[in-house]
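Structure data (compact mmCIF, C-alpha atoms and all ligand atoms) from query.txt:
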# COMPACT_ATOMS: atom_id res chain seq x y z
CA MET A 20 117.03 88.56 107.29
CA PRO A 21 114.50 89.21 110.09
CA ALA A 22 111.06 87.69 109.49
CA ARG A 23 108.65 90.11 107.88
CA LYS A 24 106.02 91.45 110.25
CA HIS A 25 102.70 89.69 109.64
CA ILE A 26 99.51 91.73 109.42
CA ARG A 27 96.36 89.67 109.93
CA ILE A 28 93.37 90.72 107.82
CA THR A 29 89.75 89.89 108.52
CA GLU A 30 87.65 90.52 105.45
CA VAL A 31 84.31 91.90 106.66
CA GLY A 32 82.85 92.76 103.24
CA PRO A 33 80.18 90.04 103.18
CA ARG A 34 78.88 91.33 106.54
CA ASP A 35 79.74 95.01 107.05
CA GLY A 36 79.67 95.63 103.30
CA LEU A 37 76.44 93.94 102.33
CA GLN A 38 74.45 94.92 105.46
CA ASN A 39 74.36 98.47 104.22
CA GLU A 40 73.37 98.02 100.60
CA ALA A 41 69.94 98.90 99.23
CA VAL A 42 70.27 96.01 96.77
CA VAL A 43 69.75 92.61 98.38
CA VAL A 44 72.40 90.35 96.89
CA SER A 45 71.23 86.77 96.17
CA VAL A 46 72.50 83.83 98.22
CA GLN A 47 74.24 82.46 95.14
CA GLU A 48 76.14 85.71 94.61
CA LYS A 49 77.05 85.97 98.30
CA VAL A 50 78.38 82.41 98.28
CA ALA A 51 80.46 83.13 95.18
CA PHE A 52 81.76 86.29 96.89
CA VAL A 53 82.81 84.41 100.04
CA ASP A 54 84.42 81.66 97.94
CA LEU A 55 86.46 84.22 95.98
CA LEU A 56 87.58 85.80 99.25
CA SER A 57 88.58 82.38 100.59
CA GLN A 58 90.83 81.99 97.56
CA ALA A 59 92.45 85.39 98.18
CA GLY A 60 94.28 84.29 101.34
CA VAL A 61 92.60 86.43 104.02
CA ALA A 62 92.95 84.98 107.53
CA GLU A 63 89.31 85.36 108.44
CA ILE A 64 86.03 86.18 106.71
CA GLU A 65 83.08 87.68 108.57
CA VAL A 66 80.51 85.92 106.46
CA SER A 67 77.23 87.31 107.77
CA SER A 68 75.17 88.25 110.83
CA PHE A 69 72.78 86.24 112.95
CA VAL A 70 70.96 89.42 113.95
CA SER A 71 67.27 90.07 113.66
CA PRO A 72 66.23 90.00 109.98
CA GLN A 73 63.76 92.75 110.86
CA TRP A 74 66.73 94.97 111.71
CA VAL A 75 69.06 93.91 108.88
CA PRO A 76 67.04 92.22 106.13
CA GLN A 77 70.05 92.19 103.79
CA LEU A 78 71.63 89.40 105.87
CA GLY A 79 68.51 87.37 106.64
CA ASP A 80 69.97 84.47 104.65
CA ALA A 81 73.03 83.88 106.88
CA GLU A 82 72.23 80.17 107.33
CA ASP A 83 72.03 79.61 103.57
CA VAL A 84 75.36 81.32 102.94
CA PHE A 85 77.10 79.29 105.65
CA GLY A 86 75.48 76.12 104.33
CA ARG A 87 76.57 76.59 100.73
CA MET A 88 79.99 78.27 100.84
CA SER A 89 83.16 76.18 100.35
CA ARG A 90 85.28 76.22 103.47
CA ARG A 91 89.05 76.23 103.47
CA ASP A 92 90.93 74.94 106.51
CA SER A 93 93.20 77.98 106.47
CA VAL A 94 90.32 80.47 106.82
CA VAL A 95 88.28 81.27 109.94
CA TYR A 96 84.60 81.84 109.07
CA SER A 97 82.91 84.09 111.62
CA ALA A 98 79.61 85.93 112.06
CA LEU A 99 78.00 88.62 114.19
CA VAL A 100 75.86 87.40 117.07
CA PRO A 101 73.79 89.85 119.17
CA ASN A 102 72.05 87.54 121.66
CA GLU A 103 71.22 83.93 122.57
CA GLU A 104 68.78 83.57 119.68
CA GLY A 105 71.55 84.57 117.29
CA MET A 106 73.93 82.17 119.03
CA GLN A 107 71.59 79.22 118.48
CA ARG A 108 71.47 80.07 114.79
CA ALA A 109 75.26 80.53 114.61
CA LEU A 110 75.91 77.16 116.28
CA ALA A 111 73.51 75.41 113.91
CA ALA A 112 75.35 77.02 110.97
CA HIS A 113 78.72 75.76 112.30
CA VAL A 114 80.49 79.09 112.56
CA ASP A 115 84.20 78.94 113.47
CA LYS A 116 84.06 82.05 115.66
CA ILE A 117 81.50 84.57 116.87
CA ALA A 118 81.64 88.35 116.95
CA LEU A 119 79.63 90.12 119.65
CA PHE A 120 79.08 93.85 119.41
CA THR A 121 78.53 96.69 121.82
CA ALA A 122 79.65 100.32 121.87
CA ALA A 123 81.42 103.02 123.83
CA SER A 124 78.37 105.25 123.26
CA GLU A 125 75.06 104.64 125.04
CA THR A 126 73.04 106.30 122.29
CA PHE A 127 74.62 104.21 119.56
CA SER A 128 74.15 101.05 121.59
CA ARG A 129 70.42 101.74 121.91
CA LYS A 130 70.01 102.64 118.25
CA ASN A 131 71.96 99.60 117.07
CA THR A 132 70.78 96.94 119.49
CA ASN A 133 67.81 98.38 121.40
CA ALA A 134 69.82 97.94 124.59
CA THR A 135 72.10 99.90 126.91
CA ILE A 136 75.77 98.96 127.00
CA GLY A 137 75.15 97.20 130.32
CA GLU A 138 72.26 95.22 128.82
CA THR A 139 74.37 94.12 125.86
CA LEU A 140 77.03 92.84 128.26
CA ARG A 141 74.43 90.93 130.26
CA ARG A 142 73.13 89.39 127.02
CA PHE A 143 76.69 88.33 126.13
CA THR A 144 77.39 86.39 129.31
CA PRO A 145 75.35 83.27 128.43
CA VAL A 146 76.44 83.55 124.80
CA ILE A 147 80.11 83.47 125.82
CA ALA A 148 79.41 80.43 128.02
CA GLN A 149 77.91 78.65 124.99
CA ALA A 150 80.89 79.67 122.85
CA ARG A 151 83.23 78.22 125.50
CA SER A 152 81.31 74.91 125.50
CA ALA A 153 81.57 74.78 121.72
CA SER A 154 85.28 75.85 121.80
CA LEU A 155 84.54 78.90 119.66
CA PRO A 156 86.68 82.03 120.00
CA VAL A 157 84.84 85.23 120.84
CA ARG A 158 85.54 88.57 119.23
CA ALA A 159 83.88 91.61 120.81
CA TYR A 160 83.46 94.85 118.91
CA ILE A 161 83.38 98.20 120.62
CA SER A 162 81.74 100.59 118.18
CA CYS A 163 82.25 104.35 118.38
CA ALA A 164 85.77 103.85 119.73
CA VAL A 165 86.68 107.34 118.53
CA ALA A 166 83.37 109.06 117.83
CA CYS A 167 79.63 108.44 117.78
CA PRO A 168 77.23 109.66 115.08
CA TYR A 169 74.87 110.84 117.86
CA GLU A 170 77.15 111.86 120.76
CA GLY A 171 80.23 113.16 118.91
CA ALA A 172 83.77 112.59 120.23
CA ILE A 173 84.15 109.67 122.65
CA ASP A 174 86.54 109.80 125.59
CA PRO A 175 89.11 106.97 125.30
CA GLY A 176 88.41 106.27 128.99
CA ARG A 177 84.95 105.03 128.02
CA VAL A 178 86.47 102.64 125.49
CA ARG A 179 88.84 101.35 128.14
CA GLU A 180 85.97 100.80 130.57
CA VAL A 181 83.93 98.79 128.06
CA ALA A 182 87.02 96.82 126.96
CA ALA A 183 87.76 95.93 130.60
CA ARG A 184 84.20 94.69 131.12
CA LEU A 185 84.32 92.63 127.93
CA LEU A 186 87.59 91.02 128.99
CA ASP A 187 86.09 90.31 132.41
CA ILE A 188 83.18 88.39 130.91
CA GLY A 189 85.52 86.35 128.72
CA ALA A 190 85.94 88.02 125.32
CA ASP A 191 89.07 86.71 123.57
CA GLU A 192 89.58 89.56 121.13
CA ILE A 193 88.69 93.25 121.41
CA ASP A 194 87.88 94.86 118.07
CA LEU A 195 87.87 98.66 118.15
CA GLY A 196 85.31 100.05 115.70
CA GLU A 197 85.89 103.49 114.23
CA THR A 198 82.32 103.42 113.09
CA ILE A 199 81.90 106.70 111.25
CA GLY A 200 85.32 107.28 109.70
CA VAL A 201 86.34 110.54 111.36
CA ALA A 202 89.65 109.47 112.92
CA VAL A 203 93.05 110.87 112.08
CA PRO A 204 96.32 109.28 113.30
CA SER A 205 96.46 111.36 116.51
CA ASP A 206 93.06 109.87 117.48
CA ILE A 207 94.60 106.41 117.12
CA ASP A 208 97.43 107.48 119.45
CA ARG A 209 94.87 108.63 122.05
CA LEU A 210 92.76 105.49 121.66
CA TYR A 211 95.74 103.22 122.40
CA GLU A 212 97.11 105.48 125.14
CA GLY A 213 93.73 105.00 126.81
CA LEU A 214 94.23 101.22 126.78
CA THR A 215 97.71 101.29 128.32
CA GLY A 216 98.09 98.63 130.99
CA LEU A 217 94.87 96.88 129.90
CA LEU A 218 95.57 95.80 126.33
CA GLU A 219 98.67 96.00 124.17
CA PRO A 220 98.04 97.27 120.63
CA ALA A 221 99.08 93.82 119.37
CA GLN A 222 96.21 92.26 121.37
CA THR A 223 93.53 94.30 119.58
CA THR A 224 91.93 94.41 116.17
CA LEU A 225 91.24 97.76 114.54
CA HIS A 226 88.13 98.25 112.39
CA LEU A 227 88.31 101.46 110.41
CA HIS A 228 85.72 103.10 108.20
CA ASP A 229 86.96 105.39 105.47
CA THR A 230 84.27 108.06 105.22
CA ARG A 231 86.80 110.89 105.02
CA GLY A 232 89.70 109.10 103.37
CA THR A 233 91.75 108.85 106.57
CA ALA A 234 91.47 105.12 107.29
CA LEU A 235 94.74 104.12 105.65
CA ALA A 236 96.65 106.86 107.48
CA CYS A 237 95.13 105.57 110.75
CA ALA A 238 96.03 101.99 109.86
CA LEU A 239 99.64 102.97 109.25
CA ARG A 240 99.78 104.79 112.59
CA ALA A 241 98.30 101.73 114.27
CA ILE A 242 100.89 99.44 112.64
CA GLN A 243 103.61 101.75 113.94
CA LEU A 244 102.10 101.43 117.43
CA GLY A 245 102.17 97.63 117.16
CA VAL A 246 98.69 96.71 115.92
CA VAL A 247 98.87 93.58 113.76
CA SER A 248 95.20 92.78 113.13
CA PHE A 249 92.81 94.78 110.97
CA ASP A 250 89.35 94.47 109.50
CA ALA A 251 88.80 95.67 105.96
CA THR A 252 86.39 95.22 103.08
CA CYS A 253 87.36 94.49 99.53
CA GLY A 254 86.82 97.45 97.28
CA GLY A 255 85.92 99.52 100.37
CA LEU A 256 82.33 98.22 100.65
CA GLY A 257 80.45 98.94 103.80
CA GLY A 258 78.85 101.08 106.48
CA CYS A 259 76.41 100.59 109.32
CA PRO A 260 72.67 101.02 108.79
CA TYR A 261 72.40 102.49 112.31
CA ALA A 262 75.26 105.00 111.84
CA PRO A 263 73.93 107.70 109.51
CA GLY A 264 76.52 108.98 107.06
CA ALA A 265 79.04 106.20 107.74
CA ALA A 266 80.60 105.06 104.48
CA GLY A 267 82.59 101.98 103.57
CA ASN A 268 85.38 100.34 105.49
CA LEU A 269 89.08 100.63 104.90
CA ALA A 270 89.51 98.89 101.54
CA THR A 271 91.34 95.58 101.85
CA GLU A 272 93.29 96.20 98.64
CA ASP A 273 94.52 99.57 99.97
CA LEU A 274 95.78 97.94 103.17
CA VAL A 275 97.38 95.02 101.32
CA TYR A 276 99.04 97.38 98.84
CA LEU A 277 100.50 99.48 101.65
CA CYS A 278 101.70 96.36 103.49
CA ASN A 279 103.24 94.88 100.35
CA ARG A 280 105.10 98.08 99.51
CA MET A 281 106.31 98.57 103.11
CA GLY A 282 107.52 95.01 103.61
CA TYR A 283 104.73 93.64 105.83
CA GLU A 284 103.33 90.20 105.10
CA THR A 285 99.56 89.68 104.77
CA GLY A 286 99.31 86.39 102.88
CA VAL A 287 96.71 88.04 100.65
CA ASP A 288 96.89 87.84 96.87
CA LEU A 289 95.89 91.23 95.49
CA GLY A 290 94.86 89.83 92.14
CA ALA A 291 92.52 87.32 93.75
CA LEU A 292 91.07 90.11 95.88
CA PHE A 293 90.39 92.19 92.77
CA ALA A 294 88.39 89.26 91.39
CA ALA A 295 86.25 89.24 94.56
CA SER A 296 85.73 93.01 94.35
CA ARG A 297 84.79 92.82 90.66
CA HIS A 298 82.28 90.10 91.50
CA VAL A 299 80.59 92.10 94.25
CA ALA A 300 80.64 95.34 92.25
CA ALA A 301 78.81 93.52 89.43
CA ALA A 302 76.32 92.00 91.90
CA LEU A 303 75.59 95.44 93.33
CA GLY A 304 75.65 97.18 89.97
CA ARG A 305 77.85 99.97 91.26
CA ALA A 306 81.47 101.09 91.35
CA LEU A 307 83.39 100.51 94.58
CA PRO A 308 85.34 103.31 96.25
CA GLY A 309 88.62 101.47 97.03
CA ARG A 310 91.54 103.41 95.58
CA VAL A 311 93.87 100.54 94.67
CA PHE A 312 90.96 98.58 93.24
CA GLY A 313 90.01 101.64 91.16
CA ALA A 314 93.58 102.08 89.92
CA ASP A 315 94.56 98.49 89.23
CA GLY A 316 91.67 96.12 89.82
CA ASN A 317 89.01 96.93 87.33
CA GLU A 318 90.70 95.83 84.17
CA ARG A 319 90.65 92.24 83.09
CA GLY A 320 94.16 90.80 82.81
CA ASN A 321 95.35 92.63 85.90
CA ASP A 322 94.39 89.74 88.11
CA LYS A 323 97.34 87.58 87.17
CA GLY A 324 100.31 87.05 89.44
CA ASN A 325 100.28 89.50 92.29
CA GLY A 326 97.80 91.93 90.84
CA SER A 327 98.96 95.51 90.97
CA ARG A 328 102.08 96.26 88.97
CA PHE A 329 103.44 98.11 91.96
CA GLY A 330 101.79 96.09 94.73
CA ARG A 331 104.42 93.40 94.77
P1 LIG B 401 64.81 93.65 119.62
O1 LIG B 401 63.77 94.05 118.65
O2 LIG B 401 64.97 94.43 120.89
O3 LIG B 401 64.71 92.07 119.97
O4 LIG B 401 66.20 93.65 118.84
P2 LIG B 401 63.76 91.23 120.82
O5 LIG B 401 64.61 90.32 121.64
O6 LIG B 401 62.72 92.08 121.50
O7 LIG B 401 63.01 90.33 119.69
C1 LIG B 401 62.14 90.92 118.74
C2 LIG B 401 61.94 89.95 117.59
O8 LIG B 401 63.19 89.73 116.92
C3 LIG B 401 61.46 88.59 118.02
O9 LIG B 401 60.66 88.07 116.96
C4 LIG B 401 62.71 87.77 118.10
O10 LIG B 401 62.49 86.39 117.93
C5 LIG B 401 63.52 88.33 116.95
P3 LIG B 401 59.05 88.17 116.96
O11 LIG B 401 58.63 87.49 118.24
O12 LIG B 401 58.72 89.64 116.94
O13 LIG B 401 58.67 87.45 115.69
N1 LIG B 401 64.96 88.19 117.15
C6 LIG B 401 65.77 87.52 116.32
N2 LIG B 401 65.55 86.87 115.15
C7 LIG B 401 66.62 86.28 114.58
N3 LIG B 401 67.88 86.35 115.07
C8 LIG B 401 68.13 86.99 116.22
C9 LIG B 401 67.06 87.61 116.88
N4 LIG B 401 66.96 88.32 118.02
C10 LIG B 401 65.67 88.65 118.17
N5 LIG B 401 69.38 87.05 116.69
C11 LIG B 401 68.43 92.88 118.43
C12 LIG B 401 67.43 93.34 119.49
C13 LIG B 401 69.80 92.89 119.09
C14 LIG B 401 68.05 91.49 117.99
C15 LIG B 401 68.38 93.87 117.24
O14 LIG B 401 68.56 95.16 117.72
C16 LIG B 401 69.41 93.57 116.20
O15 LIG B 401 69.36 92.54 115.54
N6 LIG B 401 70.36 94.49 116.01
C17 LIG B 401 71.44 94.31 115.06
C18 LIG B 401 71.73 95.57 114.30
C19 LIG B 401 72.90 95.36 113.41
O16 LIG B 401 73.12 94.26 112.90
N7 LIG B 401 73.69 96.42 113.18
C20 LIG B 401 74.83 96.37 112.33
C21 LIG B 401 75.95 95.56 112.88
S1 LIG B 401 76.95 96.45 114.05
C22 LIG B 401 78.05 97.35 113.04
O17 LIG B 401 77.88 97.41 111.86
C23 LIG B 401 79.25 97.98 113.67
C24 LIG B 401 80.53 97.19 113.42
O18 LIG B 401 80.80 97.06 112.02
C25 LIG B 401 81.72 97.87 114.08
C26 LIG B 401 81.83 99.36 113.75
O19 LIG B 401 81.92 99.72 112.56
O20 LIG B 401 81.81 100.12 114.72
C27 LIG B 401 80.44 95.76 114.00
MG MG B 402 81.74 98.56 110.77
Render the structure in this file as structure tokens.
Ligand code: HMG
Ligand code: MG
Amino acid sequence: MPARKHIRITEVGPRDGLQNEAVVVSVQEKVAFVDLLSQAGVAEIEVSSFVSPQWVPQLGDAEDVFGRMSRRDSVVYSALVPNEEGMQRALAAHVDKIALFTAASETFSRKNTNATIGETLRRFTPVIAQARSASLPVRAYISCAVACPYEGAIDPGRVREVAARLLDIGADEIDLGETIGVAVPSDIDRLYEGLTGLLEPAQTTLHLHDTRGTALACALRAIQLGVVSFDATCGGLGGCPYAPGAAGNLATEDLVYLCNRMGYETGVDLGALFAASRHVAAALGRALPGRVFGADGNERGNDKGNGSRFGR
């Protein structure tokens, strides 16, 4: 029997999910959320952001969450870092990996980071040098990889250009952000065609938002093209406060369910993920949009074994 293809999942709910909520979740509840995710078997958890608390007050407690969560050796605990000030905080919190972020759209870059794309890259150079000294891997997001909330459709050539510059300054991993959830599978084809000769699909991570219900279709297309690393949020939490109208991310349970049914390995326990989603839904006091969570995750007693009756 050939080995089952492994799909690597980074759970970004504690960061991308909680940055966009009106309710500020307490440190205690965030820590419990991260700990439940650690138990679910995801490869990596983006725990928080060391951005300006004036810009994202919801994540102003990143140090406290890092200080109190229970780490597992099998999980990589990462965080967003926008600049050197954020890097100092991230190093003091003992992150395992940093995630820088820029965009393929100038307007989005300015709205999100008060800087042009070129300025963000200049800010990253000393940060990457510090990451190297601390032996920390560097992820670099390119937001608006398909479309921008301000500029509309984005030419894949612009994504390629930014990706090339990020690789030049030493980024280890390029994460393509479909920030506003407009993509359909043919957009994913074009995005990866644009990267031909620079990056193989298997060398990228894809970060899909699910505003229009097309994220899972795009993920499947990406898997068929060779992508093996995805970001997702449990229950489909998420959005970006500087991308008006952007809804939650691809729901982790939906991706895991699809992988389980199609014979791809994720290492994630659906039942344990449901427990994390139930926890965060209760903390937020609202229902979560994830489809598999809605179908199979809400009821007590469904979190035994492999969760969904059909998931495994
Ligand atoms: P700025 O206002 O231009 O910064 O913001 P500044 O350097 O002029 O500093 C202003 C003040 O902020 C100073 O304090 C600094 O010390 C402080 P003051 O002297 O006024 O008291 N400051 C900081 N404090 C703590 N930590 C820091 C930090 N930096 C400055 N790191 C900045 C520039 C980049 C900081 C700001 O624009 C920012 O924090 N932006 C982040 C916005 C954000 O987090 N957006 C969401 C994440 S991106 C996303 O969601 C997309 C993604 O999911 C992928 C996708 O879906 O496409 C990743
Ligand atoms: Mg996002």
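The smallest atom-to-atom distance between ligand LIG 401 (chain B) and any of A:Pro204, A:Gly32, A:Gly189, A:Gly254, using only C-alpha atoms and all ligand atoms, is found for A:Gly32.
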To one decimal place, how far is atom CA of A:Arg129 from atom CA of A:Pro101 in Å?
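Those two atoms sit 12.7 Å apart.
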Using all atoms listed in the file, determine which residues fall within 6 Å of ligand LIG 401 (chain B), then list them as a list in words.
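These are the residues that qualify: Asp35, Phe69, Val70, Ser71, Pro72, Trp74, Val75, Pro101, Asn102, Glu104, Gly105, Phe120, Asn131, Thr132, Asn133, Tyr160, Ser162, Cys163, Gly196, Glu197, Thr198 and Cys259 of chain A.
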Using C-alpha atoms, can you export the residues from the last selection as a short mmCIF file (atom, residue, chain, number, x, y, z; two decimals), in the coordinates of the input?
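Done, and the output landed in selection12.cif:
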data_model
loop_
_atom_site.label_atom_id
_atom_site.label_comp_id
_atom_site.auth_asym_id
_atom_site.auth_seq_id
_atom_site.Cartn_x
_atom_site.Cartn_y
_atom_site.Cartn_z
CA ASP A 35 79.74 95.01 107.05
CA PHE A 69 72.78 86.24 112.95
CA VAL A 70 70.96 89.42 113.95
CA SER A 71 67.27 90.07 113.66
CA PRO A 72 66.23 90.00 109.98
CA TRP A 74 66.73 94.97 111.71
CA VAL A 75 69.06 93.91 108.88
CA PRO A 101 73.79 89.85 119.17
CA ASN A 102 72.05 87.54 121.66
CA GLU A 104 68.78 83.57 119.68
CA GLY A 105 71.55 84.57 117.29
CA PHE A 120 79.08 93.85 119.41
CA ASN A 131 71.96 99.60 117.07
CA THR A 132 70.78 96.94 119.49
CA ASN A 133 67.81 98.38 121.40
CA TYR A 160 83.46 94.85 118.91
CA SER A 162 81.74 100.59 118.18
CA CYS A 163 82.25 104.35 118.38
CA GLY A 196 85.31 100.05 115.70
CA GLU A 197 85.89 103.49 114.23
CA THR A 198 82.32 103.42 113.09
CA CYS A 259 76.41 100.59 109.32
#
For stretch 138-251 of chain A versus stretch 93-99 of chain A, which residues have an atom no more than 10 Å away, and what is each residue's nearest atom pair and distance in Å rounded to one decimal, using all atoms listed in the file, chain-then-number order, as a tab-separated table?
residue	atom	partner	partner_atom	distance
A:Leu155	CA	A:Ser97	CA	9.7
A:Pro156	CA	A:Ser97	CA	9.4
A:Val157	CA	A:Ser97	CA	9.5
A:Arg158	CA	A:Leu99	CA	9.1
A:Ala159	CA	A:Leu99	CA	9.3
A:Tyr160	CA	A:Leu99	CA	9.5
Output C-alpha atoms for every residue in that selection, as a PDB file, in the frame of the given file.
ATOM      1  CA  LEU A 155      84.540  78.900 119.660  1.00  0.00           C
ATOM      2  CA  PRO A 156      86.680  82.030 120.000  1.00  0.00           C
ATOM      3  CA  VAL A 157      84.840  85.230 120.840  1.00  0.00           C
ATOM      4  CA  ARG A 158      85.540  88.570 119.230  1.00  0.00           C
ATOM      5  CA  ALA A 159      83.880  91.610 120.810  1.00  0.00           C
ATOM      6  CA  TYR A 160      83.460  94.850 118.910  1.00  0.00           C
TER       7      TYR A 160
END
Compute the distance from (76.8, 95.7, 126.4) to each atom, counting only C-alpha atoms, keep the residues with any atom at most 10 Å away, and return them as an NGL selection string; use the coordinates of the file.
:A and (101 or 119-123 or 125 or 128-129 or 132 or 134-144 or 159 or 161 or 181 or 184-185)
Write the residues of the preceding selection, restricted to C-alpha atoms, as a JSON list (two decimals), keeping the file's coordinate frame.
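Result file follows (part.json):
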[["chain", "number", "residue", "atom", "x", "y", "z"],
["A", 101, "PRO", "CA", 73.79, 89.85, 119.17],
["A", 119, "LEU", "CA", 79.63, 90.12, 119.65],
["A", 120, "PHE", "CA", 79.08, 93.85, 119.41],
["A", 121, "THR", "CA", 78.53, 96.69, 121.82],
["A", 122, "ALA", "CA", 79.65, 100.32, 121.87],
["A", 123, "ALA", "CA", 81.42, 103.02, 123.83],
["A", 125, "GLU", "CA", 75.06, 104.64, 125.04],
["A", 128, "SER", "CA", 74.15, 101.05, 121.59],
["A", 129, "ARG", "CA", 70.42, 101.74, 121.91],
["A", 132, "THR", "CA", 70.78, 96.94, 119.49],
["A", 134, "ALA", "CA", 69.82, 97.94, 124.59],
["A", 135, "THR", "CA", 72.10, 99.90, 126.91],
["A", 136, "ILE", "CA", 75.77, 98.96, 127.00],
["A", 137, "GLY", "CA", 75.15, 97.20, 130.32],
["A", 138, "GLU", "CA", 72.26, 95.22, 128.82],
["A", 139, "THR", "CA", 74.37, 94.12, 125.86],
["A", 140, "LEU", "CA", 77.03, 92.84, 128.26],
["A", 141, "ARG", "CA", 74.43, 90.93, 130.26],
["A", 142, "ARG", "CA", 73.13, 89.39, 127.02],
["A", 143, "PHE", "CA", 76.69, 88.33, 126.13],
["A", 144, "THR", "CA", 77.39, 86.39, 129.31],
["A", 159, "ALA", "CA", 83.88, 91.61, 120.81],
["A", 161, "ILE", "CA", 83.38, 98.20, 120.62],
["A", 181, "VAL", "CA", 83.93, 98.79, 128.06],
["A", 184, "ARG", "CA", 84.20, 94.69, 131.12],
["A", 185, "LEU", "CA", 84.32, 92.63, 127.93]]
Please, which residues are within 8 Å of (87.4, 97.1, 102.0) by the file's coordinates, counting all atoms listed in the file, and could they come as number ranges by chain?
A: 30-32, 36, 251-257, 267-273, 309
Nearest to ligand MG 402 (chain B) among A:Ala294, A:Ala118, A:Leu307, A:Leu239, with distances taken over all atoms listed in the file: which residue is it?
A:Ala118
Residues near A:Asp206, anyone? I mean within 12 Å using only C-alpha atoms, not counting same-chain ones fewer than 2 positions away, as a ChimeraX atom specification.
/A:164-166,172-175,197,200-204,208-213,227,233-234,236-238,240-241
As an MDAnalysis selection string, please: the residues near A:Thr285 (cut-off 7 Å, all atoms listed in the file, same-chain neighbours under 5 positions excluded).
chainID A and resid 25:28 275
